[in-house]
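This is input_3.cif (mmCIF, C-alpha atoms).
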data_protein
#
loop_
_atom_site.label_atom_id
_atom_site.label_comp_id
_atom_site.auth_asym_id
_atom_site.auth_seq_id
_atom_site.Cartn_x
_atom_site.Cartn_y
_atom_site.Cartn_z
CA MET A 274 -51.26 11.14 -38.52
CA LYS A 275 -50.63 10.90 -34.76
CA LYS A 276 -49.28 7.38 -35.22
CA ILE A 277 -46.89 8.59 -37.91
CA LEU A 278 -45.66 11.43 -35.69
CA PHE A 279 -45.24 9.04 -32.76
CA ALA A 280 -43.27 6.62 -34.90
CA PHE A 281 -41.08 9.48 -36.15
CA VAL A 282 -40.33 10.57 -32.57
CA LEU A 283 -39.39 7.00 -31.67
CA LEU A 284 -37.00 6.88 -34.60
CA LEU A 285 -35.37 10.13 -33.49
CA VAL A 286 -34.99 8.84 -29.93
CA ALA A 287 -33.55 5.57 -31.19
CA ALA A 288 -31.13 7.44 -33.43
CA GLY A 289 -30.04 9.57 -30.50
CA VAL A 290 -29.43 6.51 -28.34
CA GLN A 291 -27.58 4.80 -31.13
CA ALA A 292 -25.45 7.90 -31.65
CA ARG A 293 -24.22 7.56 -28.04
CA ASP A 294 -23.04 3.98 -28.62
CA PHE A 295 -19.33 3.95 -29.35
CA THR A 296 -16.07 2.13 -28.82
CA TRP A 297 -13.29 3.75 -26.79
CA ASN A 298 -9.98 4.31 -28.54
CA ASP A 299 -6.85 2.62 -27.17
CA GLY A 300 -6.07 5.64 -25.05
CA VAL A 301 -3.36 8.30 -25.16
CA GLU A 302 -0.74 8.29 -22.40
CA ALA A 303 -1.12 11.53 -20.47
CA SER A 304 2.63 12.10 -20.35
CA SER A 305 2.68 12.32 -24.16
CA LEU A 306 0.34 15.33 -23.97
CA THR A 307 1.15 18.40 -21.82
CA LEU A 308 1.90 17.86 -18.14
CA VAL A 309 1.84 20.95 -15.92
CA GLY A 310 3.11 21.36 -12.38
CA LYS A 311 6.42 19.56 -12.78
CA ALA A 312 9.48 20.97 -11.03
CA PHE A 313 11.92 18.65 -12.84
CA GLU A 314 11.95 15.83 -15.34
CA THR A 315 11.73 12.47 -13.55
CA PRO A 316 12.22 8.89 -14.76
CA ASN A 317 8.52 8.27 -14.10
CA PRO A 318 6.82 11.36 -15.55
CA TYR A 319 4.08 11.23 -12.91
CA ASP A 320 6.51 11.54 -9.98
CA ARG A 321 7.07 14.95 -8.45
CA ILE A 322 10.63 14.43 -7.18
CA ASP A 323 13.32 12.02 -8.34
CA THR A 324 14.25 10.11 -5.16
CA VAL A 325 17.33 8.66 -6.84
CA ARG A 326 18.73 12.15 -7.39
CA TYR A 327 17.58 13.59 -4.05
CA LYS A 328 18.28 11.69 -0.84
CA GLY A 329 17.29 11.86 2.81
CA PHE A 330 13.54 11.24 2.58
CA ASP A 331 11.98 8.71 4.94
CA LYS A 332 9.70 5.97 3.60
CA ALA A 333 6.50 8.05 3.75
CA GLU A 334 8.20 11.02 2.08
CA ASN A 335 9.59 8.79 -0.67
CA THR A 336 6.07 7.59 -1.35
CA MET A 337 4.74 11.15 -1.50
CA CYS A 338 7.52 12.17 -3.89
CA ARG A 339 5.99 9.61 -6.25
CA GLN A 340 2.43 10.89 -5.84
CA PRO A 341 1.35 13.33 -8.59
CA ALA A 342 -0.64 15.56 -6.22
CA GLY A 343 -1.42 18.82 -8.02
CA LEU A 344 -0.07 17.69 -11.40
CA ALA A 345 -2.42 18.00 -14.36
CA VAL A 346 -2.51 17.10 -18.04
CA LEU A 347 -3.67 19.56 -20.70
CA PHE A 348 -5.22 18.46 -23.99
CA ARG A 349 -7.72 19.41 -26.67
CA THR A 350 -10.52 17.13 -27.82
CA ASP A 351 -13.78 17.14 -29.72
CA ALA A 352 -14.95 14.00 -27.90
CA THR A 353 -18.45 13.63 -26.51
CA ASP A 354 -17.16 11.38 -23.73
CA ILE A 355 -13.82 11.17 -21.90
CA GLY A 356 -12.58 8.19 -19.94
CA VAL A 357 -9.42 7.33 -18.04
CA SER A 358 -7.58 4.08 -17.35
CA MET A 359 -4.75 3.90 -14.84
CA VAL A 360 -2.02 1.66 -13.51
CA PHE A 361 -1.16 2.35 -9.87
CA GLY A 362 1.78 1.56 -7.66
CA GLU A 363 1.41 2.32 -3.97
CA ARG A 364 -1.85 4.05 -3.15
CA SER A 365 -3.92 5.22 -0.20
CA SER A 366 -6.74 3.00 1.02
CA THR A 367 -8.54 6.02 2.49
CA SER A 368 -12.04 6.70 1.22
CA TYR A 369 -11.46 10.20 -0.22
CA ARG A 370 -12.21 9.95 -3.94
CA SER A 371 -9.51 12.52 -4.66
CA TYR A 372 -6.80 10.13 -3.48
CA ARG A 373 -7.23 7.62 -6.33
CA GLY A 374 -9.33 9.73 -8.67
CA VAL A 375 -9.01 12.24 -11.49
CA ASP A 376 -10.75 15.61 -11.77
CA LEU A 377 -11.57 17.28 -15.08
CA TYR A 378 -11.92 20.98 -15.89
CA ILE A 379 -12.81 22.43 -19.30
CA MET A 380 -12.29 25.99 -20.48
CA LYS A 381 -15.67 27.72 -20.90
CA ASP A 382 -16.23 31.44 -21.44
CA GLY A 383 -12.66 32.17 -20.42
CA ARG A 384 -12.79 30.22 -17.15
CA TRP A 385 -11.72 26.75 -16.12
CA THR A 386 -15.07 25.13 -15.34
CA TRP A 387 -15.57 21.83 -13.57
CA ALA A 388 -16.68 19.05 -15.93
CA GLY A 389 -16.44 15.66 -14.24
CA MET A 390 -14.52 13.19 -12.11
CA ASN A 391 -14.14 9.51 -11.32
CA ASP A 392 -11.99 7.29 -9.16
CA PHE A 393 -10.72 3.74 -8.92
CA PRO A 394 -11.21 1.04 -6.27
CA ALA A 395 -8.53 0.70 -3.60
CA ASP A 396 -7.64 -2.76 -4.92
CA HIS A 397 -7.70 -1.67 -8.58
CA ASN A 398 -5.24 -3.64 -10.72
CA ASN A 399 -7.00 -3.85 -14.07
CA PRO A 400 -5.32 -1.58 -16.64
CA SER A 401 -8.15 -2.20 -19.12
CA LEU A 402 -10.79 -0.70 -16.80
CA ILE A 403 -11.89 2.64 -18.26
CA GLN A 404 -13.65 4.97 -15.87
CA ARG A 405 -15.83 7.53 -17.60
CA VAL A 406 -15.10 11.07 -16.40
CA VAL A 407 -17.65 13.03 -18.45
CA LYS A 408 -20.31 12.06 -20.99
CA HIS A 409 -22.88 13.39 -23.45
CA MET A 410 -20.97 16.55 -24.42
CA ASP A 411 -21.41 18.25 -27.77
CA GLY A 412 -18.75 17.56 -30.37
CA SER A 413 -17.06 20.95 -30.36
CA MET A 414 -13.31 21.23 -29.73
CA LYS A 415 -12.58 21.82 -26.05
CA GLU A 416 -9.52 22.69 -23.97
CA CYS A 417 -9.27 20.29 -21.03
CA MET A 418 -7.25 20.02 -17.81
CA LEU A 419 -7.25 16.70 -15.95
CA TYR A 420 -5.85 16.60 -12.40
CA LEU A 421 -4.11 13.41 -11.31
CA PRO A 422 -4.70 11.61 -7.99
CA LEU A 423 -3.50 13.11 -4.72
CA ARG A 424 -2.40 9.97 -2.88
CA ALA A 425 -1.50 7.30 -5.43
CA GLU A 426 1.67 6.41 -7.29
CA VAL A 427 0.83 6.40 -11.00
CA PHE A 428 2.68 4.23 -13.52
CA SER A 429 0.30 4.89 -16.41
CA CYS A 430 -2.59 7.25 -17.05
CA LYS A 431 -4.34 6.86 -20.40
CA ILE A 432 -7.01 9.23 -21.62
CA HIS A 433 -9.67 7.59 -23.77
CA VAL A 434 -12.11 9.16 -26.22
CA PRO A 435 -14.53 7.52 -28.67
CA GLN A 436 -13.03 6.05 -31.83
CA GLY A 437 -12.73 8.77 -34.45
CA ALA A 438 -12.60 11.66 -31.97
CA THR A 439 -9.57 13.95 -31.85
CA ILE A 440 -7.31 14.24 -28.82
CA GLU A 441 -4.10 16.25 -28.95
CA ALA A 442 -1.65 18.11 -26.76
CA MET A 443 -2.27 21.80 -26.17
CA GLU A 444 0.13 24.55 -25.24
CA SER A 445 -0.03 25.52 -21.59
CA PRO A 446 -1.80 28.86 -21.05
CA PHE A 447 -0.25 29.24 -17.59
CA ARG A 448 2.47 31.83 -17.09
CA HIS A 449 5.41 32.18 -14.71
CA LYS A 450 6.25 29.54 -12.12
CA ILE A 451 5.25 29.69 -8.44
CA VAL A 452 6.38 26.98 -6.00
CA PHE A 453 3.98 25.96 -3.22
CA HIS A 454 5.58 23.77 -0.54
CA GLY A 455 3.86 22.76 2.66
CA SER A 456 1.93 20.36 4.83
CA SER A 457 -1.17 18.21 4.30
CA PHE A 458 -3.00 21.48 3.75
CA THR A 459 -0.85 22.26 0.71
CA HIS A 460 -1.02 18.60 -0.35
CA GLY A 461 -4.83 18.80 -0.38
CA VAL A 462 -5.70 16.20 2.25
CA SER A 463 -9.49 15.83 2.69
CA CYS A 464 -10.30 17.38 -0.69
CA GLY A 465 -13.38 15.83 -2.23
CA ARG A 466 -11.77 16.10 -5.67
CA ALA A 467 -8.18 16.16 -6.87
CA GLY A 468 -8.51 19.70 -8.24
CA MET A 469 -9.55 21.38 -5.00
CA SER A 470 -6.33 21.95 -3.03
CA TYR A 471 -5.74 25.67 -2.49
CA PRO A 472 -2.59 25.84 -4.70
CA VAL A 473 -4.34 24.42 -7.78
CA GLN A 474 -7.34 26.68 -7.15
CA PHE A 475 -4.86 29.57 -7.12
CA MET A 476 -3.52 28.36 -10.48
CA ARG A 477 -6.96 28.21 -12.10
CA ARG A 478 -8.04 31.60 -10.79
CA THR A 479 -4.85 33.53 -11.52
CA GLY A 480 -3.41 31.78 -14.57
CA MET A 481 -0.10 31.40 -12.72
CA GLN A 482 1.73 28.09 -13.21
CA ILE A 483 2.19 26.43 -9.80
CA ILE A 484 4.65 23.75 -8.74
CA PRO A 485 2.75 21.72 -6.10
CA LEU A 486 4.99 20.26 -3.39
CA GLY A 487 2.71 19.46 -0.48
CA PHE A 488 3.87 16.65 1.83
CA SER A 489 1.21 15.57 4.25
CA GLY A 490 2.49 15.54 7.83
CA HIS A 491 6.09 15.90 6.71
CA CYS A 492 6.75 19.56 5.92
CA LYS A 493 9.13 20.44 8.72
CA MET A 494 11.76 22.54 6.92
CA GLN A 495 14.09 19.54 6.65
CA PRO A 496 17.47 20.25 5.03
CA TYR A 497 16.82 17.61 2.33
CA PHE A 498 13.64 19.42 1.28
CA ALA A 499 15.70 22.60 1.10
CA ASP A 500 18.09 20.74 -1.24
CA VAL A 501 15.21 20.23 -3.67
CA LEU A 502 13.80 23.73 -3.31
CA GLU A 503 17.21 25.33 -3.90
CA ASP A 504 17.37 23.64 -7.30
CA ILE A 505 13.94 24.81 -8.52
CA GLU A 506 14.14 28.00 -10.56
CA ALA A 507 10.86 29.87 -10.16
CA ASP A 508 9.44 33.37 -9.97
CA ALA A 509 8.30 33.03 -6.34
CA TYR A 510 8.28 30.57 -3.45
CA VAL A 511 5.28 30.15 -1.15
CA PHE A 512 5.63 28.08 2.01
CA ASP A 513 3.26 26.63 4.62
CA PRO A 514 5.94 25.64 7.17
CA PHE A 515 4.27 25.94 10.58
CA SER A 516 1.50 23.34 10.38
CA ASN A 517 3.61 20.20 10.97
CA PRO A 518 6.62 21.05 13.18
CA GLY A 519 6.35 21.73 16.90
CA ILE A 520 7.56 24.89 18.58
CA LYS A 521 11.08 23.57 19.25
CA THR A 522 11.57 22.55 15.61
CA ILE A 523 10.25 25.88 14.33
CA LYS A 524 12.75 27.74 16.51
CA GLU A 525 15.62 25.56 15.30
CA ARG A 526 14.85 25.41 11.59
CA LEU A 527 12.91 28.44 10.38
CA LEU A 528 15.64 31.05 10.07
CA PRO A 529 18.25 28.65 8.61
CA PHE A 530 15.64 27.44 6.11
CA ILE A 531 14.83 31.00 5.04
CA ASP A 532 18.56 31.80 4.83
CA ARG A 533 19.00 28.95 2.37
CA MET A 534 16.03 29.99 0.23
CA VAL A 535 17.12 33.62 0.01
CA THR A 536 20.72 32.67 -0.77
CA ALA A 537 19.66 30.20 -3.48
CA HIS A 538 17.10 32.54 -5.07
CA PRO A 539 18.34 36.14 -4.69
CA GLY A 540 15.85 38.80 -5.71
CA LYS A 541 12.92 36.36 -5.70
CA PRO A 542 10.01 36.72 -3.26
CA VAL A 543 9.88 34.14 -0.47
CA ILE A 544 6.36 34.18 0.95
CA ILE A 545 5.75 32.44 4.27
CA GLN A 546 2.23 31.59 5.43
CA GLN A 547 1.15 31.45 9.04
CA THR A 548 -0.65 28.25 9.99
CA ILE A 549 -4.42 28.57 9.82
CA TYR A 550 -6.73 28.42 12.83
CA TRP A 551 -7.45 24.73 13.43
CA GLU A 552 -11.12 24.20 14.30
CA LYS A 553 -10.15 21.56 16.87
CA GLU A 554 -8.94 24.54 18.92
CA ASN A 555 -12.55 25.61 19.53
CA PHE A 556 -12.90 23.53 22.71
CA ASP A 557 -9.72 21.43 22.96
CA THR A 558 -7.60 23.47 25.36
CA ASP A 559 -4.41 21.48 24.68
CA ALA A 560 -4.76 22.02 20.93
CA HIS A 561 -5.48 25.70 21.47
CA ALA A 562 -2.35 26.10 23.62
CA GLU A 563 -0.17 24.23 21.10
CA PHE A 564 -1.26 26.12 18.01
CA THR A 565 -1.43 29.48 19.73
CA GLY A 566 2.17 28.86 20.77
CA ARG A 567 3.20 27.91 17.23
CA ARG A 568 1.64 31.05 15.82
CA ALA A 569 3.30 33.24 18.43
CA VAL A 570 6.74 31.78 17.72
CA ALA A 571 6.15 32.11 13.97
CA ASP A 572 5.11 35.75 14.39
CA SER A 573 8.22 36.63 16.39
CA LEU A 574 10.67 34.84 14.09
CA MET A 575 9.08 36.18 10.93
CA LYS A 576 9.52 39.74 12.21
CA ILE A 577 13.25 39.00 12.36
CA ALA A 578 13.30 37.40 8.89
CA CYS A 579 11.28 40.18 7.23
CA LYS A 580 13.53 42.82 8.79
CA LYS A 581 16.67 40.98 7.69
CA TYR A 582 15.58 40.25 4.11
CA LYS A 583 13.72 42.64 1.82
CA ASP A 584 12.40 39.74 -0.30
CA VAL A 585 10.81 37.77 2.56
CA TYR A 586 7.10 38.25 3.27
CA PHE A 587 4.68 36.96 5.89
CA ILE A 588 0.96 36.46 5.13
CA VAL A 589 -1.91 35.04 7.16
CA PRO A 590 -4.32 32.65 5.40
CA ASP A 591 -7.88 32.09 6.59
CA ALA A 592 -9.94 28.96 5.87
CA ALA A 593 -12.76 29.54 8.37
CA LEU A 594 -16.38 30.59 7.93
CA HIS A 595 -16.49 32.60 11.20
CA ASN A 596 -20.19 31.89 11.75
CA GLY A 597 -20.01 28.89 14.06
CA GLU A 598 -20.25 26.43 11.19
CA SER A 599 -17.40 24.15 10.19
CA SER A 600 -15.31 24.49 7.03
CA THR A 601 -13.17 21.43 7.79
CA ALA A 602 -13.58 17.73 7.11
CA ASP A 603 -12.23 16.60 10.47
CA GLY A 604 -11.54 19.62 12.68
CA THR A 605 -8.09 19.98 11.14
CA HIS A 606 -8.14 19.76 7.34
CA PRO A 607 -10.34 22.11 5.33
CA ASN A 608 -13.08 20.67 3.18
CA ASP A 609 -13.46 21.87 -0.41
CA ASN A 610 -15.13 25.08 0.75
CA GLY A 611 -12.43 25.63 3.35
CA TYR A 612 -9.71 25.31 0.73
CA SER A 613 -11.58 27.82 -1.44
CA LEU A 614 -11.68 30.23 1.50
CA TRP A 615 -7.95 29.71 2.00
CA GLU A 616 -7.21 30.46 -1.65
CA ARG A 617 -9.34 33.63 -1.62
CA SER A 618 -7.57 34.86 1.52
CA ILE A 619 -4.09 34.65 -0.02
CA GLU A 620 -4.77 35.45 -3.66
CA LYS A 621 -4.70 39.26 -3.43
CA PRO A 622 -1.75 39.47 -0.99
CA ILE A 623 0.36 37.15 -3.15
CA LEU A 624 -0.54 38.90 -6.40
CA LYS A 625 0.29 42.25 -4.79
CA ILE A 626 3.72 40.95 -3.80
CA LEU A 627 4.34 39.43 -7.24
CA ARG A 628 3.54 42.71 -8.99
CA ARG A 629 6.48 44.31 -7.16
CA TYR A 630 8.69 41.88 -9.06
CA GLY A 631 7.01 42.36 -12.44
CA VAL A 632 5.26 39.00 -12.16
CA LYS A 633 1.77 39.62 -13.52
#
How does the structure come out when it is put into structure tokens?
Amino acid sequence: MKKILFAFVLLLVAAGVQARDFTWNDGVEASSLTLVGKAFETPNPYDRIDTVRYKGFDKAENTMCRQPAGLAVLFRTDATDIGVSMVFGERSSTSYRSYRGVDLYIMKDGRWTWAGMNDFPADHNNPSLIQRVVKHMDGSMKECMLYLPLRAEVFSCKIHVPQGATIEAMESPFRHKIVFHGSSFTHGVSCGRAGMSYPVQFMRRTGMQIIPLGFSGHCKMQPYFADVLEDIEADAYVFDPFSNPGIKTIKERLLPFIDRMVTAHPGKPVIIQQTIYWEKENFDTDAHAEFTGRRAVADSLMKIACKKYKDVYFIVPDAALHNGESSTADGTHPNDNGYSLWERSIEKPILKILRRYGVK
């Protein structure tokens, strides 16, 4: 009898293993599903800004316009496994997996819940390589959100499921439209995963649709960025403008930049964030002097702007732990926990402002 039971168990195990053997389908192009986070239509659907239409960007900025940082694809599937294949253009060689990787969230109990991730080698050029993102799920229908890489130009992103499984576009559950424009902080530099920048965390937690326009090292209130931002119709505009420019540039550009935003978007809230405390200031006296000076200039100019315009607001984010431990990856850029702290620090102030405008 024991031998019969043992043989039966082996058969069940073998059946279970066999059930996990499958062939991937040919893949569904992500752009044929539901892309969220786009400000405009672009010739390449994975670009953020059309650099043929908008001019003035330098080489690095042109590259970042073509990086889908913060963009995500929504779909429904009953697959047990999900894989992704990609074709890249220019891409970062840096080791952060978020730069050339995808990050998957699945709706569970009313919350977007992390499900899996994977990335591609820096020299990846094989469009037939399928990287598995999640495996061994049950076969129930699920609502999925897949974030695209932070620092790679994407020509193709195909989502693969086992042959016979369903994959289809889903309607976006996100409401309104909130623009986030800023520095490497807003871009998500040093995130461990592509879905961990503070703007996309804000989107998951609040259900507000965000337009992610972070430009690492290059958010200096340039007039050509203002050209783009003037053309985006949204319910609110949130800026991180003091992290890249020096004191002289802040003095020259801040008030004219705000003037343009208020003129282009009358009656819409323009929310300006102070730059965070940079942990390198702890003992580096030059860094402390520089960033203390930036914050002081920002404070003084924002008092003028907020007095002049009733729809301009100034908030102070916080990405620090305040216990002597670090919440950054390098003394400058927050790690995943630091970006979560940042999002928590601005969520209530922004939502409070939005409610004044009926944006709920």
Chain and number of each residue from the PyMOL selection byres ((chain A and resi 347) around 6), as a PyMOL selection string
chain A and resi 307+346+348+417-418
Please dump the current selection as a compact mmCIF listing (two decimals), in the coordinates of the input; keep C-alpha atoms.
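Here's the written file again_8.txt:
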# COMPACT_ATOMS: atom_id res chain seq x y z
CA THR A 307 1.15 18.40 -21.82
CA VAL A 346 -2.51 17.10 -18.04
CA PHE A 348 -5.22 18.46 -23.99
CA CYS A 417 -9.27 20.29 -21.03
CA MET A 418 -7.25 20.02 -17.81
Selection under test: the PyMOL selection byres ((chain A and resi 309) around 6); residues as a PyMOL selection string:
chain A and resi 308+310-311+344-345
Tell me which residues the PyMOL selection byres ((chain A and resi 353-362) around 9) grabs here, as a compact mmCIF listing (two decimals) with C-alpha atoms, in the frame of the given file.
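Just written: selection05.txt:
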# COMPACT_ATOMS: atom_id res chain seq x y z
CA ARG A 293 -24.22 7.56 -28.04
CA TRP A 297 -13.29 3.75 -26.79
CA GLY A 300 -6.07 5.64 -25.05
CA THR A 350 -10.52 17.13 -27.82
CA ASP A 351 -13.78 17.14 -29.72
CA ALA A 352 -14.95 14.00 -27.90
CA GLU A 363 1.41 2.32 -3.97
CA ARG A 364 -1.85 4.05 -3.15
CA ARG A 373 -7.23 7.62 -6.33
CA VAL A 375 -9.01 12.24 -11.49
CA ASN A 391 -14.14 9.51 -11.32
CA PHE A 393 -10.72 3.74 -8.92
CA HIS A 397 -7.70 -1.67 -8.58
CA ASN A 398 -5.24 -3.64 -10.72
CA ASN A 399 -7.00 -3.85 -14.07
CA PRO A 400 -5.32 -1.58 -16.64
CA SER A 401 -8.15 -2.20 -19.12
CA LEU A 402 -10.79 -0.70 -16.80
CA ILE A 403 -11.89 2.64 -18.26
CA GLN A 404 -13.65 4.97 -15.87
CA ARG A 405 -15.83 7.53 -17.60
CA VAL A 406 -15.10 11.07 -16.40
CA VAL A 407 -17.65 13.03 -18.45
CA LYS A 408 -20.31 12.06 -20.99
CA HIS A 409 -22.88 13.39 -23.45
CA MET A 410 -20.97 16.55 -24.42
CA ASP A 411 -21.41 18.25 -27.77
CA GLY A 412 -18.75 17.56 -30.37
CA SER A 413 -17.06 20.95 -30.36
CA ALA A 425 -1.50 7.30 -5.43
CA GLU A 426 1.67 6.41 -7.29
CA VAL A 427 0.83 6.40 -11.00
CA PHE A 428 2.68 4.23 -13.52
CA SER A 429 0.30 4.89 -16.41
CA CYS A 430 -2.59 7.25 -17.05
CA LYS A 431 -4.34 6.86 -20.40
CA ILE A 432 -7.01 9.23 -21.62
CA HIS A 433 -9.67 7.59 -23.77
CA VAL A 434 -12.11 9.16 -26.22
CA PRO A 435 -14.53 7.52 -28.67
CA ALA A 438 -12.60 11.66 -31.97
For a cut-off of 9 Å around (0.6, 37.7, 0.6), file coordinates, pick out all residues using all atoms listed in the file and list them as a PyMOL selection string.
chain A and resi 544-546+586-590+618-627
Name all residues at most 12 Å from region 466-469 of chain A (count all atoms listed in the file; drop same-chain ones fewer than 6 positions away) and give them as a PyMOL selection string.
chain A and resi 340-346+368-378+385-392+418-425+458-460+475-478+485+607-616
To one decimal place in Å, what is the distance between CA of Arg526 (chain A) and CA of Met494 (chain A)?
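Going from CA of Arg526 (chain A) over to CA of Met494 (chain A) covers 6.3 Å.
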Could you please determine the separation between CA of His595 (chain A) and CA of Ile549 (chain A) in Å, to one decimal place?
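Distance reported for this atom pair: 12.8 Å.
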Would you mind reading off the distance between CA of Asp513 (chain A) and CA of Ile531 (chain A), one decimal, in Å?
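Separation between CA of Asp513 (chain A) and CA of Ile531 (chain A): 12.4 Å.
Minimum atom-to-atom distance to Asp500 (chain A), evaluated using only C-alpha atoms, belongs to A:Phe330 out of A:Phe330, A:Ser365, A:Thr315, A:Ser445.
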Find the residues near region 452-455 of chain A: any atom within 8 Å, counting only C-alpha atoms, skip ones fewer than 2 places away on the same chain, and give them as an NGL selection string.
:A and (450 or 457-460 or 472 or 483-489 or 492 or 507 or 509-514)
Can I get the selection written as a PDB file, in the frame of the given file, with C-alpha atoms?
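Saved the output as again_37.pdb:
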ATOM      1  CA  LYS A 450       6.250  29.540 -12.120  1.00  0.00           C
ATOM      2  CA  SER A 457      -1.170  18.210   4.300  1.00  0.00           C
ATOM      3  CA  PHE A 458      -3.000  21.480   3.750  1.00  0.00           C
ATOM      4  CA  THR A 459      -0.850  22.260   0.710  1.00  0.00           C
ATOM      5  CA  HIS A 460      -1.020  18.600  -0.350  1.00  0.00           C
ATOM      6  CA  PRO A 472      -2.590  25.840  -4.700  1.00  0.00           C
ATOM      7  CA  ILE A 483       2.190  26.430  -9.800  1.00  0.00           C
ATOM      8  CA  ILE A 484       4.650  23.750  -8.740  1.00  0.00           C
ATOM      9  CA  PRO A 485       2.750  21.720  -6.100  1.00  0.00           C
ATOM     10  CA  LEU A 486       4.990  20.260  -3.390  1.00  0.00           C
ATOM     11  CA  GLY A 487       2.710  19.460  -0.480  1.00  0.00           C
ATOM     12  CA  PHE A 488       3.870  16.650   1.830  1.00  0.00           C
ATOM     13  CA  SER A 489       1.210  15.570   4.250  1.00  0.00           C
ATOM     14  CA  CYS A 492       6.750  19.560   5.920  1.00  0.00           C
ATOM     15  CA  ALA A 507      10.860  29.870 -10.160  1.00  0.00           C
ATOM     16  CA  ALA A 509       8.300  33.030  -6.340  1.00  0.00           C
ATOM     17  CA  TYR A 510       8.280  30.570  -3.450  1.00  0.00           C
ATOM     18  CA  VAL A 511       5.280  30.150  -1.150  1.00  0.00           C
ATOM     19  CA  PHE A 512       5.630  28.080   2.010  1.00  0.00           C
ATOM     20  CA  ASP A 513       3.260  26.630   4.620  1.00  0.00           C
ATOM     21  CA  PRO A 514       5.940  25.640   7.170  1.00  0.00           C
TER      22      PRO A 514
END
From the set A:Ala333, A:Cys464, A:Cys579, A:Ala560, which residue has the shortest atom-to-atom contact distance to Ser600 (chain A), counting all atoms listed in the file?
A:Cys464
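Using only C-alpha atoms, the nearest neighbour of Tyr582 (chain A) within the list A:Gly631, A:Pro316, A:Pro539, A:Pro394 is A:Pro539.
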Which of these, A:Trp551, A:Tyr327, A:Phe530, A:Phe556, has the shortest distance to Thr605 (chain A) once you count only C-alpha atoms?
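Using only C-alpha atoms, the shortest distance to Thr605 (chain A) belongs to A:Trp551.
Considering the residues A:Gln495, A:Ser305, A:Ser366, A:Asn517 and counting all atoms listed in the file, Lys328 (chain A) has its shortest atom-to-atom contact with A:Gln495.
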Can you pull out the residues contacting region 565-567 of chain A? Cut-off 9 Å, using only C-alpha atoms, and skip same-chain residues under 2 positions away; I want them as a list in words.
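Neighbouring residues, sequence-local ones excluded: Phe515, Ser516, Pro518, Gly519, Ile520, Ile523, Thr548, Tyr550, Ala560, His561, Ala562, Glu563, Ala569, Val570, Ala571 and Asp572 of chain A.
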